[in-house]
Every structure is written in C-alpha cells, then in structure tokens.
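> Contents of model13.cif (mmCIF, C-alpha atoms):
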data_query
#
loop_
_atom_site.label_atom_id
_atom_site.label_comp_id
_atom_site.auth_asym_id
_atom_site.auth_seq_id
_atom_site.Cartn_x
_atom_site.Cartn_y
_atom_site.Cartn_z
CA MET P 1 78.62 98.71 31.56
CA GLU P 2 81.92 99.42 33.31
CA LYS P 3 82.28 102.20 35.88
CA PHE P 4 85.13 103.75 37.84
CA SER P 5 84.64 106.55 40.33
CA SER P 6 86.64 108.22 43.08
CA ILE P 7 84.86 111.22 44.52
CA THR P 8 87.14 111.46 47.55
CA THR P 9 89.67 114.27 47.32
CA ILE P 10 92.98 113.08 48.76
CA TYR P 11 95.26 115.49 50.60
CA MET P 12 98.80 114.32 51.37
CA GLY P 13 101.54 115.54 53.65
CA LYS P 14 102.05 117.41 56.89
CA ASP P 15 99.89 120.44 56.05
CA ALA P 16 96.98 118.52 54.55
CA LEU P 17 94.50 118.99 57.41
CA ALA P 18 93.99 122.71 56.80
CA ASP P 19 93.18 122.06 53.15
CA ALA P 20 90.68 119.34 54.03
CA VAL P 21 88.69 121.01 56.83
CA GLY P 22 89.40 124.72 56.37
CA GLY P 23 86.28 126.86 56.82
CA ALA P 24 84.41 124.40 59.06
CA ARG P 25 82.59 126.00 62.01
CA ARG P 26 80.86 123.03 63.73
CA VAL P 27 82.78 119.76 63.50
CA PHE P 28 81.63 116.37 64.73
CA ILE P 29 84.70 114.20 65.39
CA VAL P 30 84.50 110.40 65.48
CA SER P 31 87.41 108.53 67.00
CA ASP P 32 88.28 105.90 69.60
CA PRO P 33 89.32 106.00 73.29
CA PHE P 34 93.03 105.55 72.54
CA MET P 35 93.18 108.53 70.20
CA VAL P 36 91.71 110.66 73.00
CA SER P 37 93.71 109.27 75.94
CA SER P 38 96.99 109.35 74.03
CA GLY P 39 96.46 112.94 72.93
CA LYS P 40 96.60 112.06 69.24
CA ILE P 41 93.17 113.63 68.80
CA SER P 42 94.94 116.98 69.24
CA TYR P 43 96.04 116.70 65.60
CA VAL P 44 92.46 117.71 64.79
CA THR P 45 91.36 119.63 67.87
CA ASP P 46 94.39 121.93 68.03
CA TYR P 47 93.76 123.02 64.47
CA LEU P 48 90.03 123.58 65.11
CA GLU P 49 90.70 125.57 68.27
CA GLY P 50 93.11 127.72 66.31
CA THR P 51 90.36 128.57 63.82
CA GLY P 52 87.71 129.14 66.49
CA ALA P 53 85.55 126.25 65.30
CA GLU P 54 83.23 124.42 67.70
CA TYR P 55 83.57 120.65 67.90
CA GLU P 56 82.20 117.60 69.65
CA ILE P 57 84.06 114.30 70.03
CA PHE P 58 82.36 110.91 69.87
CA SER P 59 85.07 108.48 70.94
CA ASP P 60 83.11 105.40 72.03
CA VAL P 61 84.19 103.33 69.02
CA GLN P 62 85.83 99.99 69.83
CA ALA P 63 87.37 97.45 67.45
CA ASP P 64 84.75 95.93 65.16
CA PRO P 65 82.14 98.66 65.74
CA ASP P 66 78.71 97.30 66.56
CA ILE P 67 75.14 98.30 65.92
CA GLU P 68 74.76 99.88 69.36
CA THR P 69 77.79 102.14 68.83
CA VAL P 70 76.45 103.31 65.49
CA ALA P 71 73.05 104.05 67.03
CA ALA P 72 74.65 106.05 69.85
CA GLY P 73 76.82 108.00 67.42
CA THR P 74 73.86 108.71 65.17
CA ALA P 75 71.92 110.18 68.08
CA ARG P 76 74.89 112.39 69.03
CA ILE P 77 75.50 113.71 65.52
CA ILE P 78 71.81 114.53 65.05
CA GLU P 79 71.84 116.49 68.30
CA PHE P 80 75.03 118.40 67.41
CA LYS P 81 74.09 119.20 63.79
CA PRO P 82 77.60 119.70 62.32
CA ASP P 83 78.63 121.42 59.13
CA HIS P 84 81.63 119.05 58.79
CA VAL P 85 82.38 115.51 60.01
CA VAL P 86 85.94 114.34 60.71
CA VAL P 87 87.00 110.83 61.65
CA LEU P 88 90.46 110.10 63.04
CA GLY P 89 91.53 106.51 63.54
CA GLY P 90 91.89 103.11 61.95
CA GLY P 91 89.35 101.09 60.05
CA SER P 92 86.94 100.71 62.96
CA PRO P 93 86.36 104.43 63.65
CA ILE P 94 86.18 105.16 59.92
CA ASP P 95 83.61 102.40 59.35
CA ALA P 96 81.62 103.60 62.36
CA ALA P 97 81.70 107.20 61.12
CA LYS P 98 80.50 106.13 57.68
CA ALA P 99 77.55 104.29 59.19
CA ILE P 100 76.74 107.17 61.57
CA VAL P 101 76.71 109.72 58.74
CA PHE P 102 74.76 107.34 56.50
CA PHE P 103 71.94 106.73 58.99
CA ALA P 104 71.76 110.37 60.08
CA HIS P 105 71.33 111.42 56.46
CA GLN P 106 68.89 108.58 55.80
CA GLN P 107 66.68 109.89 58.60
CA GLY P 108 66.84 113.38 57.12
CA ALA P 109 68.09 114.62 60.48
CA ILE P 110 71.17 116.47 59.22
CA PRO P 111 71.85 118.04 55.83
CA PRO P 112 74.65 116.70 53.63
CA CYS P 113 78.01 118.08 54.77
CA PRO P 114 81.72 117.49 54.06
CA PHE P 115 83.12 114.30 55.59
CA THR P 116 86.89 113.96 56.07
CA ALA P 117 88.57 110.66 56.93
CA ILE P 118 92.04 110.66 58.49
CA PRO P 119 93.45 107.13 58.74
CA THR P 120 95.95 106.34 61.49
CA THR P 121 96.73 102.85 60.20
CA SER P 122 97.80 101.77 56.73
CA GLY P 123 95.46 98.94 55.96
CA THR P 124 91.74 99.27 55.47
CA GLY P 125 91.60 101.84 52.66
CA SER P 126 88.28 102.74 54.23
CA GLU P 127 88.96 106.45 53.71
CA VAL P 128 88.31 106.02 49.97
CA SER P 129 85.98 103.03 49.84
CA SER P 130 82.21 102.73 49.63
CA PHE P 131 82.32 99.82 52.12
CA ALA P 132 81.82 99.63 55.88
CA VAL P 133 81.55 96.63 58.18
CA ILE P 134 79.35 96.72 61.27
CA THR P 135 79.19 93.88 63.81
CA ASP P 136 76.23 92.30 65.58
CA HIS P 137 77.93 90.88 68.67
CA LYS P 138 74.79 89.07 69.80
CA LYS P 139 74.75 87.01 66.61
CA ASN P 140 78.54 87.03 66.07
CA VAL P 141 77.94 88.32 62.54
CA LYS P 142 79.62 91.09 60.55
CA TYR P 143 77.41 92.98 58.12
CA PRO P 144 79.16 94.63 55.15
CA MET P 145 77.52 97.87 54.00
CA VAL P 146 78.09 98.86 50.38
CA ASP P 147 76.85 102.20 49.08
CA ASP P 148 78.45 105.09 47.20
CA SER P 149 77.05 107.49 49.80
CA LEU P 150 79.48 105.97 52.33
CA LEU P 151 82.43 107.56 50.53
CA PRO P 152 84.10 110.39 52.48
CA THR P 153 84.37 113.62 50.53
CA SER P 154 88.04 114.00 51.47
CA ALA P 155 90.89 112.04 53.02
CA VAL P 156 94.13 113.12 54.70
CA LEU P 157 97.18 110.89 54.23
CA ASN P 158 99.90 111.96 56.67
CA ALA P 159 102.56 109.36 57.45
CA GLU P 160 103.36 111.10 60.73
CA LEU P 161 100.08 109.72 62.07
CA VAL P 162 101.20 106.11 61.52
CA MET P 163 104.81 106.32 62.66
CA SER P 164 104.01 104.91 66.12
CA VAL P 165 101.86 102.00 64.92
CA PRO P 166 103.20 98.81 66.59
CA PRO P 167 104.70 96.03 64.43
CA LYS P 168 101.75 93.65 64.95
CA VAL P 169 99.27 96.21 63.64
CA THR P 170 101.65 97.15 60.81
CA ALA P 171 101.75 93.50 59.73
CA ASP P 172 98.01 92.86 59.98
CA ALA P 173 97.11 96.10 58.23
CA GLY P 174 99.76 95.75 55.53
CA LEU P 175 98.60 92.28 54.54
CA ASP P 176 95.04 93.58 54.55
CA VAL P 177 96.19 96.09 51.92
CA LEU P 178 97.71 93.28 49.88
CA THR P 179 94.49 91.25 50.15
CA HIS P 180 92.44 94.24 48.97
CA ALA P 181 94.72 94.76 45.98
CA ILE P 182 94.88 91.08 44.99
CA GLU P 183 91.14 90.53 45.28
CA ALA P 184 90.45 93.68 43.24
CA PHE P 185 93.00 92.56 40.64
CA VAL P 186 91.22 89.21 40.06
CA SER P 187 87.66 90.48 40.57
CA THR P 188 85.07 89.84 37.88
CA ASN P 189 84.33 93.59 37.98
CA ARG P 190 87.92 94.72 37.40
CA THR P 191 88.72 97.36 34.79
CA ASP P 192 91.90 98.89 33.42
CA PHE P 193 91.50 101.66 35.99
CA THR P 194 91.14 99.35 38.99
CA ASP P 195 94.02 97.25 37.67
CA ALA P 196 96.24 100.34 37.62
CA MET P 197 95.46 101.09 41.28
CA ALA P 198 95.77 97.45 42.36
CA GLU P 199 99.05 96.89 40.52
CA LYS P 200 100.67 99.97 42.02
CA ALA P 201 99.45 99.03 45.50
CA ILE P 202 100.89 95.52 45.13
CA LYS P 203 104.26 96.89 43.96
CA LEU P 204 104.43 99.36 46.84
CA ILE P 205 103.56 96.70 49.42
CA TYR P 206 106.11 94.31 47.89
CA ARG P 207 108.78 96.99 48.05
CA TYR P 208 108.06 98.64 51.40
CA LEU P 209 105.95 96.52 53.81
CA LEU P 210 108.77 94.43 55.27
CA THR P 211 110.89 97.57 55.51
CA VAL P 212 108.20 99.31 57.56
CA TYR P 213 107.84 96.25 59.78
CA GLN P 214 111.57 96.06 60.41
CA GLU P 215 112.23 99.85 60.42
CA PRO P 216 109.13 101.46 61.95
CA ASP P 217 110.71 104.94 61.96
CA ASN P 218 111.31 104.93 58.21
CA TYR P 219 109.13 107.88 57.15
CA GLU P 220 109.42 107.31 53.40
CA ALA P 221 108.45 103.64 53.67
CA ARG P 222 105.54 104.54 55.97
CA GLN P 223 104.21 107.08 53.46
CA ARG P 224 104.51 104.59 50.59
CA VAL P 225 102.58 101.89 52.48
CA HIS P 226 100.03 104.53 53.53
CA ASN P 227 99.59 105.49 49.87
CA ALA P 228 99.30 101.81 48.87
CA SER P 229 96.48 101.34 51.37
CA CYS P 230 94.57 104.21 49.79
CA MET P 231 95.18 102.95 46.24
CA ALA P 232 94.02 99.45 47.15
CA GLY P 233 90.93 101.01 48.73
CA ILE P 234 90.08 102.81 45.50
CA ALA P 235 90.65 99.57 43.56
CA PHE P 236 88.38 97.36 45.64
CA SER P 237 85.76 100.05 46.13
CA ASN P 238 85.26 99.98 42.37
CA ALA P 239 86.06 96.34 41.51
CA GLY P 240 84.78 94.59 44.61
CA LEU P 241 86.42 91.91 46.70
CA GLY P 242 85.95 88.15 46.83
CA LEU P 243 86.00 84.89 48.76
CA ASN P 244 88.85 85.92 51.04
CA HIS P 245 86.88 88.75 52.59
CA ALA P 246 83.67 86.75 52.63
CA MET P 247 85.43 84.12 54.75
CA ALA P 248 87.44 86.60 56.84
CA HIS P 249 84.30 88.46 57.93
CA THR P 250 82.76 85.40 59.55
CA LEU P 251 86.05 83.94 60.79
CA GLY P 252 86.90 87.21 62.56
CA ALA P 253 83.41 87.54 64.02
CA LYS P 254 83.28 83.98 65.37
CA PHE P 255 86.76 83.85 66.89
CA HIS P 256 87.58 87.54 67.48
CA ILE P 257 90.52 87.55 65.08
CA ALA P 258 91.49 91.00 63.82
CA HIS P 259 90.21 91.56 60.29
CA GLY P 260 93.61 92.08 58.67
CA ARG P 261 95.02 89.03 60.43
CA ALA P 262 92.05 86.88 59.36
CA ASN P 263 92.62 87.98 55.76
CA ALA P 264 96.35 87.24 55.99
CA ILE P 265 95.77 83.73 57.36
CA LEU P 266 93.22 82.85 54.68
CA LEU P 267 94.89 84.46 51.65
CA PRO P 268 97.23 81.61 50.55
CA TYR P 269 94.42 79.04 50.77
CA VAL P 270 91.88 81.18 48.92
CA MET P 271 94.42 81.96 46.21
CA SER P 272 95.20 78.25 45.81
CA PHE P 273 91.48 77.54 45.37
CA ASN P 274 90.93 80.45 42.95
CA ALA P 275 93.88 79.37 40.82
CA GLY P 276 92.95 75.70 40.78
CA CYS P 277 96.46 74.78 41.92
CA ALA P 278 95.33 71.44 43.36
CA THR P 279 92.98 70.55 40.48
CA GLN P 280 92.92 72.29 37.11
CA LEU P 281 94.36 75.75 36.51
CA THR P 282 91.82 78.54 36.06
CA ASP P 283 92.05 81.88 34.30
CA THR P 284 92.69 83.41 37.71
CA ALA P 285 95.99 81.56 37.87
CA GLN P 286 97.13 83.71 34.95
CA ARG P 287 96.21 86.85 36.90
CA TYR P 288 98.28 85.62 39.84
CA ALA P 289 101.12 84.94 37.40
CA LYS P 290 100.93 88.64 36.43
CA ILE P 291 101.32 89.52 40.10
CA ALA P 292 104.41 87.29 40.18
CA TYR P 293 105.75 89.30 37.24
CA LEU P 294 105.11 92.57 39.09
CA CYS P 295 107.12 91.21 42.03
CA ASP P 296 109.93 89.77 39.88
CA ILE P 297 109.20 86.19 40.97
CA SER P 298 107.59 84.85 37.78
CA THR P 299 108.66 81.79 35.79
CA ALA P 300 107.70 80.36 32.41
CA SER P 301 105.08 78.22 34.18
CA VAL P 302 101.75 79.85 35.09
CA ARG P 303 101.20 77.34 37.90
CA GLN P 304 104.66 77.87 39.34
CA SER P 305 104.32 81.64 39.11
CA ALA P 306 101.00 81.52 40.98
CA LEU P 307 102.55 79.24 43.60
CA ASN P 308 105.48 81.63 43.95
CA VAL P 309 103.10 84.42 44.96
CA ILE P 310 101.36 82.15 47.47
CA ARG P 311 104.71 81.08 48.93
CA MET P 312 105.89 84.68 49.06
CA ILE P 313 102.87 85.55 51.18
CA ARG P 314 103.51 82.58 53.46
CA SER P 315 107.10 83.74 53.83
CA TRP P 316 105.95 87.23 54.79
CA THR P 317 103.50 85.95 57.40
CA LYS P 318 106.32 83.96 58.98
CA LYS P 319 108.67 86.97 59.02
CA MET P 320 105.95 89.15 60.55
CA ASP P 321 104.88 86.57 63.13
CA ILE P 322 101.37 86.03 61.74
CA PRO P 323 99.89 82.57 62.38
CA PRO P 324 100.04 80.42 59.22
CA THR P 325 96.79 78.61 60.02
CA ILE P 326 93.50 79.11 61.86
CA LYS P 327 94.62 76.49 64.37
CA ALA P 328 97.86 78.38 65.04
CA ALA P 329 95.74 81.48 65.73
CA GLY P 330 94.47 79.71 68.85
CA VAL P 331 91.20 78.19 67.60
CA SER P 332 90.58 74.73 69.05
CA THR P 333 89.49 71.88 66.79
CA GLU P 334 86.29 71.50 68.78
CA ASP P 335 85.35 75.17 68.46
CA PHE P 336 86.30 75.28 64.79
CA GLN P 337 84.17 72.26 63.89
CA ALA P 338 81.24 73.60 65.92
CA GLU P 339 81.24 76.94 64.08
CA LEU P 340 82.22 75.63 60.63
CA PRO P 341 78.70 74.99 59.24
CA GLU P 342 77.54 78.50 60.14
CA MET P 343 80.77 80.10 58.85
CA VAL P 344 80.24 78.37 55.52
CA GLU P 345 76.68 79.70 55.32
CA ASP P 346 77.79 83.20 56.32
CA ALA P 347 80.56 83.28 53.71
CA LEU P 348 78.23 82.02 50.99
CA ALA P 349 75.76 84.82 51.80
CA ASP P 350 78.41 87.56 52.06
CA ALA P 351 78.06 90.39 49.52
CA CYS P 352 81.80 90.25 48.76
CA LEU P 353 81.31 86.90 47.03
CA THR P 354 79.44 88.48 44.12
CA SER P 355 82.69 89.63 42.47
CA ALA P 356 84.76 86.53 43.28
CA PRO P 357 86.61 85.17 40.22
CA ARG P 358 85.64 81.54 40.79
CA ARG P 359 82.18 80.27 41.57
CA CYS P 360 82.11 78.21 44.71
CA THR P 361 79.77 75.86 46.52
CA LYS P 362 79.25 75.22 50.22
CA GLU P 363 81.58 72.27 49.94
CA ASP P 364 84.26 74.41 48.27
CA ILE P 365 84.12 76.97 51.08
CA ARG P 366 84.14 74.24 53.70
CA GLN P 367 87.25 72.73 52.11
CA VAL P 368 89.08 76.07 52.00
CA PHE P 369 88.27 76.65 55.67
CA GLU P 370 89.51 73.17 56.56
CA ASN P 371 92.68 73.64 54.51
CA ALA P 372 93.30 76.94 56.27
CA TYR P 373 92.77 75.30 59.64
CA ILE P 374 95.38 72.58 59.17
CA GLY P 375 97.68 74.36 56.69
CA LYS P 376 97.08 72.25 53.59
CA LEU P 377 98.53 73.74 50.40
CA PRO P 378 99.81 72.23 47.11
#
Is it possible to express this structure as structure tokens?


Amino acid sequence: MEKFSSITTIYMGKDALADAVGGARRVFIVSDPFMVSSGKISYVTDYLEGTGAEYEIFSDVQADPDIETVAAGTARIIEFKPDHVVVLGGGSPIDAAKAIVFFAHQQGAIPPCPFTAIPTTSGTGSEVSSFAVITDHKKNVKYPMVDDSLLPTSAVLNAELVMSVPPKVTADAGLDVLTHAIEAFVSTNRTDFTDAMAEKAIKLIYRYLLTVYQEPDNYEARQRVHNASCMAGIAFSNAGLGLNHAMAHTLGAKFHIAHGRANAILLPYVMSFNAGCATQLTDTAQRYAKIAYLCDISTASVRQSALNVIRMIRSWTKKMDIPPTIKAAGVSTEDFQAELPEMVEDALADACLTSAPRRCTKEDIRQVFENAYIGKLP
C-alpha cells in the first residue's frame, strides 16, 4: 500500500505568524541561546505580548540536541502546561521541540495542543517531517526518531527570518535540502506525490542556491530556497531517506561535523555507489539521469548523465567552500580508521537505510566511507 500525508498547514509570508498562532493564551516557546541573545525571539514574543498571551521560553537547545536537553525541556513543558507550542530556530531546536512534545504527550502530562514550527534556516525541512534526531553525547551516537506524531500542526515560512544566515550555514543547509530531495527521489518508498515534491525542490535548489550563497540579501532567492527546504521535507517524510543520511548521522556524531556538511561531503560517493558507476549500472542510475534532465545537464548516456549530477554537486561544494572529502574536513587518518568499524555498524543499523535504493553490506559501507575519506570517484 502506498501512502502520502502532509498534516502540517503551511503559512507563508510576512504576516503568517498571526494566522498560525492566533488565539493562543499560554505558549511554550522552544529556541536556542542565539535567538534569545540576538533578539530574534522577539518575532514571536512581540506578537504574543500584543495579544496578551502568557509565554515561557526554553532556550537551552544547542546544536545536535541531546537526551539531557530533551528531558529538561519535557519537565519544563509539563510544568507550564501550554495550549500552544512554538519553536523558532534551525533544525536542532525544531528536533528538540518535537521530542519534548512527543515525550510530554507520551507521559500523558499535557493534552494535545497546536504545535507551530518556524524555521530560521533553509535546510532541514524538519518543520514538515515526521523525523527528529537526538544525540547521545556519551556514546557519540545520533538516534533518529520516526513517528507521525512528531509532525508540527503548522509551519511558518518567512524568508525575512533567514536573510541574515551566514554563507557557511546557507551552503550546509542548502546541500542538506538537495540531499533530502535526491534521497527521497530514489527511495524504494517513493510515489508520484513524493516525486513531485522532490523534483520541484531539486529544480529550486539548482536555480537559486548559488544565488543565495553569492547574494545573501536576495529576498526572492531566499524565499525560493526556503520553500524548497519545506518541499524536500515533505518528500522525505513520506518516502524516507537512504544510505547518505545513515552514514552522515554517525560521521557527524563521531567527528562533530555539522549534519548538512556531513551530507554534502558524502553525497557524491553515495550516489556513485547507488548508481553502480564503478561497477554495473543500477536502476537508480536512471533516476539520477532524470535529475540531470531536470537540471538541463543530461546526455544520451545514462551513466554520463548520472556522473554529470555527481560532478555538478562536487562543483557546488567547491564554490561554496565545503570540504570535498572527510580528510579535508579535518579528520586524521588515525582517528578515521579507529572509528570506521563502529561507523559502519552504526550506518548499517540506522533506520534511514530501510528505504535505500540499493542493498548494501558492511563492506559496501566501509568502501563508501573510505572513498569519501580520500576522494575516490569514477
């Protein structure tokens, strides 16, 4: 049976907040220290103060939110008992908020209430996905959570909130969007509906990501990339992800590489494996050839078209100053080899692998990691 769902209502534009949270009287806000110290949290609090609503801010979320943060946030939300939850921030605060709401509801400590996600980066698509990733820093492991109850009830997409995002974050997040869209497009669980979202996201990223990186004040380009992030989130929330994310989760956890950057580094090598570029072409190579067609870089050869997409991504990483290999990201050979066996095991056990288009063994994953470390491509 095939299924496609998107229960999150998406509000777009400068006046979207009032539509999303209007009528709330007690609002629990999840965010991070920067949003508070920079005053960006006022986007939410000024509106709530204007309506007379009470609110409490939980802003202890750091990058790669951990189990302890989720536990602390869960205790706070249970004590406050909100009638609406709002999260403002990037992927980390949104993932933390999802987990906080999930566990509070699971304990029966708060009744179901509206949950609005307001992304301030264009990358994770977490505002419309049923995924969250929580880190166990003691074990250096990232745990993906997958459950429809993690979906926010509404999302606000306002490009003004991402205008000040620095180029490095723009690059990491934008290539995370592309990874989401590509993995959804080749997933074993893809449908016509997820394809539509993934294809549009890919086309928008192809058209606007480099523009945003080079012209950060370009409002139209920012909004288009912001929309692409959301579309890719809907696509992968329904179709699933694949080997790239399975590997990126453990690579990022072991070596503290930002999630989007880990995905960007691995993507060409995972695509080469999925397509069988170095061995025998797979059906996935034909899917990559369709992506080449969407980006106007296709040829009569399926293999060459797939390679063109891989080389396009390598070209983008160079232009956006993203390391082309794990080694170039600052990981020593000694450290890489020491962690490799456990990274292989972690990736093989990752839930994202269930929808990967090509079955893989421990040795396959090891080889992709090693290729990504030294930069080996066809």

> Since I can't run it myself right now, could you work out what the PyMOL selection byres ((chain P and resi 158) around 7) selects here and report it as a CSV table (one decimal) with C-alpha atoms, keeping the file's coordinate frame?


chain,number,residue,atom,x,y,z
P,12,MET,CA,98.8,114.3,51.4
P,13,GLY,CA,101.5,115.5,53.6
P,14,LYS,CA,102.0,117.4,56.9
P,156,VAL,CA,94.1,113.1,54.7
P,157,LEU,CA,97.2,110.9,54.2
P,159,ALA,CA,102.6,109.4,57.4
P,160,GLU,CA,103.4,111.1,60.7
P,161,LEU,CA,100.1,109.7,62.1

> What is the atom CA of P:Val331 to atom CA of P:Val212 distance in Å?

28.9 Å

> What gap, in Å, lies between atom CA of P:Pro112 and atom CA of P:Pro152?

11.4 Å

> Quick one: residues within 7 Å of stretch 131-143 of chain P, all atoms listed in the file, excluding same-chain residues fewer than 5 positions away - as a list in words?

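Residues meeting the cut-off are Asp64, Pro65, Asp66, Ile67, Asp95, Lys98, Ser126, Leu150, Ser237, His249, Thr250, Ala253 and Lys254 of chain P.
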
> Run the PyMOL selection byres ((chain P and resi 55) around 9) against the file shown and list the residues it catches, as a list in words.

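Applying the PyMOL selection byres ((chain P and resi 55) around 9) to the structure shown produces Arg25, Arg26, Val27, Phe28, Ile29, Thr45, Leu48, Glu49, Ala53, Glu54, Glu56, Ile57, Phe80 and Pro82 of chain P.
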
> Work out how far apart atom CA of P:Cys230 and atom CA of P:Phe255 are and give it in Å to one decimal.

27.7 Å

> Extract, using all atoms listed in the file, all DNA, RNA and protein residues at most 9 Å from P:Thr74, discarding same-chain residues fewer than 2 positions from it, and format them as a ChimeraX atom specification.

/P:69-72,76-79,97,99-104

> Taking only C-alpha atoms into account, name the residue in P:Glu334, P:Asp15, P:Asp350, P:Asp172 that is nearest to P:Pro144.

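Checking each candidate against P:Pro144, we get P:Asp350 as the closest.
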
> Could you give me, as a compact mmCIF listing (two decimals) with C-alpha atoms, keeping the file's coordinate frame, the residues within 8 Å of P:Leu251, counting all atoms listed in the file and dropping anything in the same chain fewer than 6 positions from it?


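Resulting contents of result-v2.txt:
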# COMPACT_ATOMS: atom_id res chain seq x y z
CA ILE P 257 90.52 87.55 65.08
CA ALA P 262 92.05 86.88 59.36
CA MET P 343 80.77 80.10 58.85

> Taking N, CA and C atoms as the atom set, what does stretch 225-254 of chain P look like once completed, written as a PDB file, keeping the file's coordinate frame?


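Listing of part-v2.pdb after writing:
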ATOM      1  N   VAL P 225     103.581 102.896  52.080  1.00  0.00           N
ATOM      2  CA  VAL P 225     102.580 101.890  52.480  1.00  0.00           C
ATOM      3  C   VAL P 225     101.230 102.559  52.725  1.00  0.00           C
ATOM      4  N   HIS P 226     101.258 103.767  53.299  1.00  0.00           N
ATOM      5  CA  HIS P 226     100.030 104.530  53.530  1.00  0.00           C
ATOM      6  C   HIS P 226      99.345 104.824  52.187  1.00  0.00           C
ATOM      7  N   ASN P 227     100.138 105.228  51.197  1.00  0.00           N
ATOM      8  CA  ASN P 227      99.590 105.490  49.870  1.00  0.00           C
ATOM      9  C   ASN P 227      99.039 104.211  49.239  1.00  0.00           C
ATOM     10  N   ALA P 228      99.751 103.094  49.422  1.00  0.00           N
ATOM     11  CA  ALA P 228      99.300 101.810  48.870  1.00  0.00           C
ATOM     12  C   ALA P 228      97.951 101.420  49.442  1.00  0.00           C
ATOM     13  N   SER P 229      97.758 101.650  50.733  1.00  0.00           N
ATOM     14  CA  SER P 229      96.480 101.340  51.370  1.00  0.00           C
ATOM     15  C   SER P 229      95.343 102.104  50.700  1.00  0.00           C
ATOM     16  N   CYS P 230      95.584 103.374  50.431  1.00  0.00           N
ATOM     17  CA  CYS P 230      94.570 104.210  49.790  1.00  0.00           C
ATOM     18  C   CYS P 230      94.294 103.740  48.361  1.00  0.00           C
ATOM     19  N   MET P 231      95.347 103.431  47.617  1.00  0.00           N
ATOM     20  CA  MET P 231      95.180 102.950  46.240  1.00  0.00           C
ATOM     21  C   MET P 231      94.400 101.637  46.200  1.00  0.00           C
ATOM     22  N   ALA P 232      94.735 100.726  47.102  1.00  0.00           N
ATOM     23  CA  ALA P 232      94.020  99.450  47.150  1.00  0.00           C
ATOM     24  C   ALA P 232      92.552  99.678  47.507  1.00  0.00           C
ATOM     25  N   GLY P 233      92.308 100.679  48.377  1.00  0.00           N
ATOM     26  CA  GLY P 233      90.930 101.010  48.730  1.00  0.00           C
ATOM     27  C   GLY P 233      90.135 101.497  47.530  1.00  0.00           C
ATOM     28  N   ILE P 234      90.752 102.337  46.716  1.00  0.00           N
ATOM     29  CA  ILE P 234      90.080 102.810  45.500  1.00  0.00           C
ATOM     30  C   ILE P 234      89.819 101.631  44.554  1.00  0.00           C
ATOM     31  N   ALA P 235      90.794 100.719  44.454  1.00  0.00           N
ATOM     32  CA  ALA P 235      90.650  99.570  43.560  1.00  0.00           C
ATOM     33  C   ALA P 235      89.486  98.694  43.976  1.00  0.00           C
ATOM     34  N   PHE P 236      89.436  98.305  45.256  1.00  0.00           N
ATOM     35  CA  PHE P 236      88.380  97.360  45.640  1.00  0.00           C
ATOM     36  C   PHE P 236      87.025  98.031  45.793  1.00  0.00           C
ATOM     37  N   SER P 237      87.035  99.345  46.057  1.00  0.00           N
ATOM     38  CA  SER P 237      85.760 100.050  46.130  1.00  0.00           C
ATOM     39  C   SER P 237      85.050 100.033  44.787  1.00  0.00           C
ATOM     40  N   ASN P 238      85.824 100.016  43.719  1.00  0.00           N
ATOM     41  CA  ASN P 238      85.260  99.980  42.370  1.00  0.00           C
ATOM     42  C   ASN P 238      85.104  98.556  41.821  1.00  0.00           C
ATOM     43  N   ALA P 239      86.075  97.693  42.094  1.00  0.00           N
ATOM     44  CA  ALA P 239      86.060  96.340  41.510  1.00  0.00           C
ATOM     45  C   ALA P 239      85.386  95.308  42.394  1.00  0.00           C
ATOM     46  N   GLY P 240      85.317  95.577  43.682  1.00  0.00           N
ATOM     47  CA  GLY P 240      84.780  94.590  44.610  1.00  0.00           C
ATOM     48  C   GLY P 240      85.887  93.713  45.191  1.00  0.00           C
ATOM     49  N   LEU P 241      85.478  92.799  46.046  1.00  0.00           N
ATOM     50  CA  LEU P 241      86.420  91.910  46.700  1.00  0.00           C
ATOM     51  C   LEU P 241      86.130  90.472  46.293  1.00  0.00           C
ATOM     52  N   GLY P 242      86.156  89.530  47.227  1.00  0.00           N
ATOM     53  CA  GLY P 242      85.950  88.150  46.830  1.00  0.00           C
ATOM     54  C   GLY P 242      85.831  87.208  48.004  1.00  0.00           C
ATOM     55  N   LEU P 243      86.162  85.948  47.765  1.00  0.00           N
ATOM     56  CA  LEU P 243      86.000  84.890  48.760  1.00  0.00           C
ATOM     57  C   LEU P 243      86.807  85.145  50.011  1.00  0.00           C
ATOM     58  N   ASN P 244      88.005  85.705  49.866  1.00  0.00           N
ATOM     59  CA  ASN P 244      88.850  85.920  51.040  1.00  0.00           C
ATOM     60  C   ASN P 244      88.145  86.768  52.089  1.00  0.00           C
ATOM     61  N   HIS P 245      87.578  87.884  51.655  1.00  0.00           N
ATOM     62  CA  HIS P 245      86.880  88.750  52.590  1.00  0.00           C
ATOM     63  C   HIS P 245      85.579  88.126  53.074  1.00  0.00           C
ATOM     64  N   ALA P 246      84.900  87.416  52.206  1.00  0.00           N
ATOM     65  CA  ALA P 246      83.670  86.750  52.630  1.00  0.00           C
ATOM     66  C   ALA P 246      83.946  85.776  53.774  1.00  0.00           C
ATOM     67  N   MET P 247      85.052  85.058  53.691  1.00  0.00           N
ATOM     68  CA  MET P 247      85.430  84.120  54.750  1.00  0.00           C
ATOM     69  C   MET P 247      86.007  84.835  55.965  1.00  0.00           C
ATOM     70  N   ALA P 248      86.803  85.887  55.736  1.00  0.00           N
ATOM     71  CA  ALA P 248      87.440  86.600  56.840  1.00  0.00           C
ATOM     72  C   ALA P 248      86.406  87.291  57.732  1.00  0.00           C
ATOM     73  N   HIS P 249      85.326  87.796  57.130  1.00  0.00           N
ATOM     74  CA  HIS P 249      84.300  88.460  57.930  1.00  0.00           C
ATOM     75  C   HIS P 249      83.734  87.523  58.992  1.00  0.00           C
ATOM     76  N   THR P 250      83.368  86.327  58.587  1.00  0.00           N
ATOM     77  CA  THR P 250      82.760  85.400  59.550  1.00  0.00           C
ATOM     78  C   THR P 250      83.807  84.777  60.466  1.00  0.00           C
ATOM     79  N   LEU P 251      84.998  84.489  59.952  1.00  0.00           N
ATOM     80  CA  LEU P 251      86.050  83.940  60.790  1.00  0.00           C
ATOM     81  C   LEU P 251      86.413  84.922  61.909  1.00  0.00           C
ATOM     82  N   GLY P 252      86.571  86.201  61.557  1.00  0.00           N
ATOM     83  CA  GLY P 252      86.900  87.210  62.560  1.00  0.00           C
ATOM     84  C   GLY P 252      85.798  87.393  63.578  1.00  0.00           C
ATOM     85  N   ALA P 253      84.543  87.353  63.118  1.00  0.00           N
ATOM     86  CA  ALA P 253      83.410  87.540  64.020  1.00  0.00           C
ATOM     87  C   ALA P 253      83.270  86.373  64.998  1.00  0.00           C
ATOM     88  N   LYS P 254      83.463  85.166  64.516  1.00  0.00           N
ATOM     89  CA  LYS P 254      83.280  83.980  65.370  1.00  0.00           C
ATOM     90  C   LYS P 254      84.388  83.840  66.401  1.00  0.00           C
TER      91      LYS P 254
END
